[in-house]
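> Could you have a look at this structure, given as structure tokens, before my questions?
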Amino acid sequence: QVQLVESGGGLVQAGGSLRLSCAASGRTFSTMGWFRQAPGKGREFVAAISWSSGNTYYADSVKGRFTISRDNAKNTVYLQMNSLKPDDTAVYYCAARYHQFGDYDYWGQGTQVTVSS
């Protein structure tokens, strides 16, 4: 059974940092990513990483501040978030897919990130 378990969310002041983790069990994937959903808004893409090549992709809103990385041995993906802003406040979701492109097949339960001004 595939599971994505996120951790690392919390409350931080603007300008601070947090690191999210997502441990995948059950199998490995082609691509893993992070999405977020703020109150009253739709879910938006944040970052993704190709498991084999390590290529990374970012939303413009987080480029230069967030870094996605992976640990193959632990089957875990991380999202290092620096210079956090109140606009980054959202529930962050980990996602995974079997194919390089297309829809994501599995989603985590989400972890809350709150950035105070």
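Scheme for the structure tokens: letters A, B, ... for chains in order shown; per-chain residue numbers from 1; ligand numbers from 1 in order shown.
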Do you know which residues are at most 7 Å from region 80-87 of chain A counting only C-alpha atoms, after dropping those on the same chain fewer than 2 positions away, and could you put them as a PyMOL selection string?

chain A and resi 14-20+65-68+78+89+115-117

> Counting only C-alpha atoms, what is within 12 Å of region 52-54 of chain A, bar same-chain residues fewer than 5 positions away, as a PDB file with all heavy atoms, in the first residue's frame?


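Generated file (part-v8.pdb):
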```
ATOM      1  N   THR A  28       8.723   3.272  -5.359  1.00  0.00           N
ATOM      2  CA  THR A  28       9.371   4.513  -5.778  1.00  0.00           C
ATOM      3  C   THR A  28       8.600   5.104  -6.953  1.00  0.00           C
ATOM      4  O   THR A  28       7.833   4.404  -7.627  1.00  0.00           O
ATOM      5  CB  THR A  28      10.827   4.270  -6.186  1.00  0.00           C
ATOM      6  OG1 THR A  28      10.842   3.281  -7.218  1.00  0.00           O
ATOM      7  CG2 THR A  28      11.646   3.796  -5.008  1.00  0.00           C
ATOM      8  N   PHE A  29       8.835   6.391  -7.187  1.00  0.00           N
ATOM      9  CA  PHE A  29       8.084   7.115  -8.197  1.00  0.00           C
ATOM     10  C   PHE A  29       9.018   7.819  -9.169  1.00  0.00           C
ATOM     11  O   PHE A  29      10.191   8.012  -8.893  1.00  0.00           O
ATOM     12  CB  PHE A  29       7.178   8.145  -7.522  1.00  0.00           C
ATOM     13  CG  PHE A  29       6.166   7.534  -6.608  1.00  0.00           C
ATOM     14  CD1 PHE A  29       6.428   7.399  -5.262  1.00  0.00           C
ATOM     15  CD2 PHE A  29       4.955   7.075  -7.103  1.00  0.00           C
ATOM     16  CE1 PHE A  29       5.513   6.827  -4.409  1.00  0.00           C
ATOM     17  CE2 PHE A  29       4.031   6.505  -6.261  1.00  0.00           C
ATOM     18  CZ  PHE A  29       4.303   6.367  -4.916  1.00  0.00           C
ATOM     19  N   SER A  30       8.470   8.229 -10.297  1.00  0.00           N
ATOM     20  CA  SER A  30       9.232   8.974 -11.279  1.00  0.00           C
ATOM     21  C   SER A  30       9.435  10.413 -10.828  1.00  0.00           C
ATOM     22  O   SER A  30      10.515  10.971 -10.973  1.00  0.00           O
ATOM     23  CB  SER A  30       8.507   8.965 -12.623  1.00  0.00           C
ATOM     24  OG  SER A  30       9.127   9.852 -13.522  1.00  0.00           O
ATOM     25  N   THR A  31       8.383  10.992 -10.284  1.00  0.00           N
ATOM     26  CA  THR A  31       8.414  12.399  -9.894  1.00  0.00           C
ATOM     27  C   THR A  31       7.686  12.583  -8.573  1.00  0.00           C
ATOM     28  O   THR A  31       6.645  11.959  -8.354  1.00  0.00           O
ATOM     29  CB  THR A  31       7.727  13.273 -10.961  1.00  0.00           C
ATOM     30  OG1 THR A  31       8.362  13.080 -12.217  1.00  0.00           O
ATOM     31  CG2 THR A  31       7.780  14.744 -10.578  1.00  0.00           C
ATOM     32  N   MET A  32       8.242  13.430  -7.727  1.00  0.00           N
ATOM     33  CA  MET A  32       7.540  13.822  -6.502  1.00  0.00           C
ATOM     34  C   MET A  32       7.503  15.331  -6.435  1.00  0.00           C
ATOM     35  O   MET A  32       8.419  16.008  -6.925  1.00  0.00           O
ATOM     36  CB  MET A  32       8.206  13.231  -5.265  1.00  0.00           C
ATOM     37  CG  MET A  32       8.059  11.721  -5.198  1.00  0.00           C
ATOM     38  SD  MET A  32       8.651  11.001  -3.660  1.00  0.00           S
ATOM     39  CE  MET A  32       7.384  11.555  -2.503  1.00  0.00           C
ATOM     40  N   GLY A  33       6.434  15.844  -5.848  1.00  0.00           N
ATOM     41  CA  GLY A  33       6.279  17.285  -5.825  1.00  0.00           C
ATOM     42  C   GLY A  33       5.583  17.772  -4.580  1.00  0.00           C
ATOM     43  O   GLY A  33       5.120  16.986  -3.743  1.00  0.00           O
ATOM     44  N   ILE A  68      13.778  22.097  -3.368  1.00  0.00           N
ATOM     45  CA  ILE A  68      13.305  20.724  -3.252  1.00  0.00           C
ATOM     46  C   ILE A  68      14.492  19.791  -3.447  1.00  0.00           C
ATOM     47  O   ILE A  68      15.361  20.036  -4.282  1.00  0.00           O
ATOM     48  CB  ILE A  68      12.180  20.434  -4.270  1.00  0.00           C
ATOM     49  CG1 ILE A  68      11.537  19.074  -4.001  1.00  0.00           C
ATOM     50  CG2 ILE A  68      12.679  20.538  -5.710  1.00  0.00           C
ATOM     51  CD1 ILE A  68      10.260  18.826  -4.806  1.00  0.00           C
ATOM     52  N   SER A  69      14.522  18.730  -2.647  1.00  0.00           N
ATOM     53  CA  SER A  69      15.611  17.764  -2.753  1.00  0.00           C
ATOM     54  C   SER A  69      15.081  16.381  -2.397  1.00  0.00           C
ATOM     55  O   SER A  69      13.961  16.249  -1.916  1.00  0.00           O
ATOM     56  CB  SER A  69      16.773  18.152  -1.839  1.00  0.00           C
ATOM     57  OG  SER A  69      16.354  18.156  -0.489  1.00  0.00           O
ATOM     58  N   ARG A  70      15.910  15.368  -2.632  1.00  0.00           N
ATOM     59  CA  ARG A  70      15.472  14.000  -2.356  1.00  0.00           C
ATOM     60  C   ARG A  70      16.582  13.211  -1.712  1.00  0.00           C
ATOM     61  O   ARG A  70      17.764  13.501  -1.900  1.00  0.00           O
ATOM     62  CB  ARG A  70      15.031  13.314  -3.652  1.00  0.00           C
ATOM     63  CG  ARG A  70      16.195  12.912  -4.556  1.00  0.00           C
ATOM     64  CD  ARG A  70      15.757  12.708  -5.969  1.00  0.00           C
ATOM     65  NE  ARG A  70      16.724  12.064  -6.830  1.00  0.00           N
ATOM     66  CZ  ARG A  70      17.864  12.596  -7.254  1.00  0.00           C
ATOM     67  NH1 ARG A  70      18.225  13.789  -6.841  1.00  0.00           N
ATOM     68  NH2 ARG A  70      18.657  11.927  -8.066  1.00  0.00           N
ATOM     69  N   ASP A  71      16.190  12.173  -0.980  1.00  0.00           N
ATOM     70  CA  ASP A  71      17.119  11.209  -0.425  1.00  0.00           C
ATOM     71  C   ASP A  71      16.666   9.849  -0.938  1.00  0.00           C
ATOM     72  O   ASP A  71      15.672   9.297  -0.460  1.00  0.00           O
ATOM     73  CB  ASP A  71      17.101  11.266   1.109  1.00  0.00           C
ATOM     74  CG  ASP A  71      18.117  10.336   1.739  1.00  0.00           C
ATOM     75  OD1 ASP A  71      18.399   9.254   1.170  1.00  0.00           O
ATOM     76  OD2 ASP A  71      18.631  10.682   2.813  1.00  0.00           O
ATOM     77  N   ASN A  72      17.381   9.339  -1.920  1.00  0.00           N
ATOM     78  CA  ASN A  72      16.956   8.088  -2.555  1.00  0.00           C
ATOM     79  C   ASN A  72      16.918   6.932  -1.570  1.00  0.00           C
ATOM     80  O   ASN A  72      16.007   6.101  -1.608  1.00  0.00           O
ATOM     81  CB  ASN A  72      17.895   7.753  -3.717  1.00  0.00           C
ATOM     82  CG  ASN A  72      17.705   8.695  -4.878  1.00  0.00           C
ATOM     83  OD1 ASN A  72      17.255   9.819  -4.712  1.00  0.00           O
ATOM     84  ND2 ASN A  72      18.066   8.254  -6.071  1.00  0.00           N
ATOM     85  N   ASN A  75      13.889   7.242   0.439  1.00  0.00           N
ATOM     86  CA  ASN A  75      12.666   7.432  -0.347  1.00  0.00           C
ATOM     87  C   ASN A  75      11.875   8.634   0.176  1.00  0.00           C
ATOM     88  O   ASN A  75      10.651   8.572   0.347  1.00  0.00           O
ATOM     89  CB  ASN A  75      11.801   6.176  -0.320  1.00  0.00           C
ATOM     90  CG  ASN A  75      11.117   5.922  -1.650  1.00  0.00           C
ATOM     91  OD1 ASN A  75      11.562   6.384  -2.695  1.00  0.00           O
ATOM     92  ND2 ASN A  75      10.013   5.202  -1.622  1.00  0.00           N
ATOM     93  N   VAL A  77      11.394  13.021   0.117  1.00  0.00           N
ATOM     94  CA  VAL A  77      11.606  14.300  -0.553  1.00  0.00           C
ATOM     95  C   VAL A  77      11.445  15.415   0.476  1.00  0.00           C
ATOM     96  O   VAL A  77      10.653  15.295   1.422  1.00  0.00           O
ATOM     97  CB  VAL A  77      10.622  14.481  -1.730  1.00  0.00           C
ATOM     98  CG1 VAL A  77       9.190  14.541  -1.251  1.00  0.00           C
ATOM     99  CG2 VAL A  77      10.964  15.704  -2.548  1.00  0.00           C
ATOM    100  N   TYR A  98       3.851   8.144 -11.112  1.00  0.00           N
ATOM    101  CA  TYR A  98       4.666   7.112 -11.721  1.00  0.00           C
ATOM    102  C   TYR A  98       5.373   7.608 -12.971  1.00  0.00           C
ATOM    103  O   TYR A  98       6.461   7.138 -13.299  1.00  0.00           O
ATOM    104  CB  TYR A  98       3.807   5.909 -12.082  1.00  0.00           C
ATOM    105  CG  TYR A  98       3.201   5.196 -10.893  1.00  0.00           C
ATOM    106  CD1 TYR A  98       1.833   4.985 -10.826  1.00  0.00           C
ATOM    107  CD2 TYR A  98       3.998   4.742  -9.854  1.00  0.00           C
ATOM    108  CE1 TYR A  98       1.278   4.330  -9.738  1.00  0.00           C
ATOM    109  CE2 TYR A  98       3.447   4.090  -8.765  1.00  0.00           C
ATOM    110  CZ  TYR A  98       2.085   3.883  -8.715  1.00  0.00           C
ATOM    111  OH  TYR A  98       1.535   3.227  -7.644  1.00  0.00           O
ATOM    112  N   HIS A  99       4.746   8.523 -13.678  1.00  0.00           N
ATOM    113  CA  HIS A  99       5.276   8.962 -14.962  1.00  0.00           C
ATOM    114  C   HIS A  99       5.939  10.329 -14.843  1.00  0.00           C
ATOM    115  O   HIS A  99       5.643  11.098 -13.930  1.00  0.00           O
ATOM    116  CB  HIS A  99       4.158   9.001 -15.998  1.00  0.00           C
ATOM    117  CG  HIS A  99       3.442   7.693 -16.120  1.00  0.00           C
ATOM    118  ND1 HIS A  99       4.038   6.568 -16.647  1.00  0.00           N
ATOM    119  CD2 HIS A  99       2.193   7.314 -15.754  1.00  0.00           C
ATOM    120  CE1 HIS A  99       3.188   5.566 -16.622  1.00  0.00           C
ATOM    121  NE2 HIS A  99       2.062   5.989 -16.078  1.00  0.00           N
ATOM    122  N   GLN A 100       6.799  10.648 -15.797  1.00  0.00           N
ATOM    123  CA  GLN A 100       7.530  11.907 -15.757  1.00  0.00           C
ATOM    124  C   GLN A 100       6.592  13.101 -15.874  1.00  0.00           C
ATOM    125  O   GLN A 100       6.835  14.151 -15.283  1.00  0.00           O
ATOM    126  CB  GLN A 100       8.568  11.949 -16.872  1.00  0.00           C
ATOM    127  CG  GLN A 100       9.473  13.171 -16.802  1.00  0.00           C
ATOM    128  CD  GLN A 100      10.548  13.160 -17.870  1.00  0.00           C
ATOM    129  OE1 GLN A 100      10.592  12.259 -18.700  1.00  0.00           O
ATOM    130  NE2 GLN A 100      11.396  14.166 -17.859  1.00  0.00           N
TER     131      GLN A 100
END
```

> Restricting the calculation to only C-alpha atoms: of A:Tyr58, A:Tyr92, A:Tyr106, A:Trp51, which residue gets closest to Gly26 (chain A)?

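Among A:Tyr58, A:Tyr92, A:Tyr106, A:Trp51, it is A:Tyr106 that comes nearest to Gly26 (chain A).
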
> Please, which residues of region 38-90 of chain A, numbered as in this document, come out strand (DSSP E or B) from DSSP, as a ChimeraX atom specification?

/A:43-50,56-58,66-71,76-81,90

> When you count only C-alpha atoms, which of these residues is closest to Gly110 (chain A): A:Val62, A:Lys41, A:Val91, A:Ser50?

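The shortest atom-to-atom distance to Gly110 (chain A) comes from A:Val91.
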
> List the spatial neighbours of Cys22 (chain A) as a list in words - criterion: any atom at most 7 Å away, only C-alpha atoms, same-chain residues fewer than 5 positions off excluded.

Leu4, Val5, Glu6, Ser7, Thr76, Val77, Tyr78 and Cys94 of chain A

> Please, could you write that set of residues out with all heavy atoms as a PDB file, in the first residue's frame?


```pdb
ATOM      1  N   LEU A   4       2.159   8.409   1.569  1.00  0.00           N
ATOM      2  CA  LEU A   4       3.018   9.587   1.611  1.00  0.00           C
ATOM      3  C   LEU A   4       2.759  10.267   2.958  1.00  0.00           C
ATOM      4  O   LEU A   4       1.642  10.700   3.224  1.00  0.00           O
ATOM      5  CB  LEU A   4       2.703  10.539   0.467  1.00  0.00           C
ATOM      6  CG  LEU A   4       2.811   9.987  -0.943  1.00  0.00           C
ATOM      7  CD1 LEU A   4       2.404  11.062  -1.962  1.00  0.00           C
ATOM      8  CD2 LEU A   4       4.204   9.489  -1.245  1.00  0.00           C
ATOM      9  N   VAL A   5       3.798  10.365   3.775  1.00  0.00           N
ATOM     10  CA  VAL A   5       3.635  10.925   5.114  1.00  0.00           C
ATOM     11  C   VAL A   5       4.474  12.186   5.225  1.00  0.00           C
ATOM     12  O   VAL A   5       5.708  12.139   5.146  1.00  0.00           O
ATOM     13  CB  VAL A   5       4.050   9.906   6.187  1.00  0.00           C
ATOM     14  CG1 VAL A   5       3.878  10.516   7.576  1.00  0.00           C
ATOM     15  CG2 VAL A   5       3.229   8.629   6.054  1.00  0.00           C
ATOM     16  N   GLU A   6       3.789  13.309   5.416  1.00  0.00           N
ATOM     17  CA  GLU A   6       4.455  14.601   5.510  1.00  0.00           C
ATOM     18  C   GLU A   6       4.720  14.970   6.963  1.00  0.00           C
ATOM     19  O   GLU A   6       3.986  14.558   7.868  1.00  0.00           O
ATOM     20  CB  GLU A   6       3.599  15.702   4.879  1.00  0.00           C
ATOM     21  CG  GLU A   6       3.281  15.481   3.429  1.00  0.00           C
ATOM     22  CD  GLU A   6       1.814  15.622   3.136  1.00  0.00           C
ATOM     23  OE1 GLU A   6       1.008  15.357   4.048  1.00  0.00           O
ATOM     24  OE2 GLU A   6       1.456  16.000   2.000  1.00  0.00           O
ATOM     25  N   SER A   7       5.735  15.788   7.155  1.00  0.00           N
ATOM     26  CA  SER A   7       6.032  16.342   8.465  1.00  0.00           C
ATOM     27  C   SER A   7       6.811  17.642   8.292  1.00  0.00           C
ATOM     28  O   SER A   7       7.315  17.918   7.202  1.00  0.00           O
ATOM     29  CB  SER A   7       6.834  15.348   9.307  1.00  0.00           C
ATOM     30  OG  SER A   7       8.061  15.048   8.675  1.00  0.00           O
ATOM     31  N   THR A  76      12.598   9.696   0.419  1.00  0.00           N
ATOM     32  CA  THR A  76      12.030  10.897   1.048  1.00  0.00           C
ATOM     33  C   THR A  76      12.372  12.128   0.220  1.00  0.00           C
ATOM     34  O   THR A  76      13.489  12.246  -0.294  1.00  0.00           O
ATOM     35  CB  THR A  76      12.586  11.065   2.477  1.00  0.00           C
ATOM     36  OG1 THR A  76      12.186   9.931   3.256  1.00  0.00           O
ATOM     37  CG2 THR A  76      12.051  12.326   3.128  1.00  0.00           C
ATOM     38  N   VAL A  77      11.394  13.021   0.117  1.00  0.00           N
ATOM     39  CA  VAL A  77      11.606  14.300  -0.553  1.00  0.00           C
ATOM     40  C   VAL A  77      11.445  15.415   0.476  1.00  0.00           C
ATOM     41  O   VAL A  77      10.653  15.295   1.422  1.00  0.00           O
ATOM     42  CB  VAL A  77      10.622  14.481  -1.730  1.00  0.00           C
ATOM     43  CG1 VAL A  77       9.190  14.541  -1.251  1.00  0.00           C
ATOM     44  CG2 VAL A  77      10.964  15.704  -2.548  1.00  0.00           C
ATOM     45  N   TYR A  78      12.234  16.463   0.303  1.00  0.00           N
ATOM     46  CA  TYR A  78      12.239  17.581   1.239  1.00  0.00           C
ATOM     47  C   TYR A  78      11.902  18.875   0.518  1.00  0.00           C
ATOM     48  O   TYR A  78      12.141  19.015  -0.679  1.00  0.00           O
ATOM     49  CB  TYR A  78      13.623  17.725   1.893  1.00  0.00           C
ATOM     50  CG  TYR A  78      14.112  16.483   2.573  1.00  0.00           C
ATOM     51  CD1 TYR A  78      14.968  15.603   1.924  1.00  0.00           C
ATOM     52  CD2 TYR A  78      13.713  16.176   3.877  1.00  0.00           C
ATOM     53  CE1 TYR A  78      15.417  14.453   2.547  1.00  0.00           C
ATOM     54  CE2 TYR A  78      14.157  15.034   4.499  1.00  0.00           C
ATOM     55  CZ  TYR A  78      15.012  14.167   3.828  1.00  0.00           C
ATOM     56  OH  TYR A  78      15.450  13.025   4.455  1.00  0.00           O
ATOM     57  N   CYS A  94       2.286  16.854  -0.225  1.00  0.00           N
ATOM     58  CA  CYS A  94       3.247  16.086  -1.000  1.00  0.00           C
ATOM     59  C   CYS A  94       2.470  15.244  -2.013  1.00  0.00           C
ATOM     60  O   CYS A  94       1.363  14.770  -1.716  1.00  0.00           O
ATOM     61  CB  CYS A  94       4.036  15.185  -0.050  1.00  0.00           C
ATOM     62  SG  CYS A  94       5.156  14.033  -0.845  1.00  0.00           S
TER      63      CYS A  94
END
```

> Nearest to Ala73 (chain A) among A:Gln1, A:Ser25, A:Gln37, A:Thr111, with distances taken over only C-alpha atoms: which residue is it?

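Checking each of A:Gln1, A:Ser25, A:Gln37, A:Thr111 against Ala73 (chain A), counting only C-alpha atoms, the winner is A:Ser25.
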
> Rounded to one decimal, what separation in Å do you get between CA of Arg36 (chain A) and CA of Asp88 (chain A)?

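The value is 8.6 Å.
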
> So which one's closest to Ala96 (chain A), A:Gly40, A:Thr114, A:Ser21, A:Ala48? Using only C-alpha atoms, please.

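With only C-alpha atoms as the atom set, the closest residue is A:Ala48.
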
> Which residue gives the smallest distance to Glu44 (chain A) among A:Lys63, A:Tyr93, A:Tyr57, A:Gly10, with only C-alpha atoms counted?

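Selected residue with least distance to Glu44 (chain A): A:Tyr93.
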
> Suppose you want the space between CA of Phe45 (chain A) and CA of Gln109 (chain A); what is it in Å?

15.9 Å
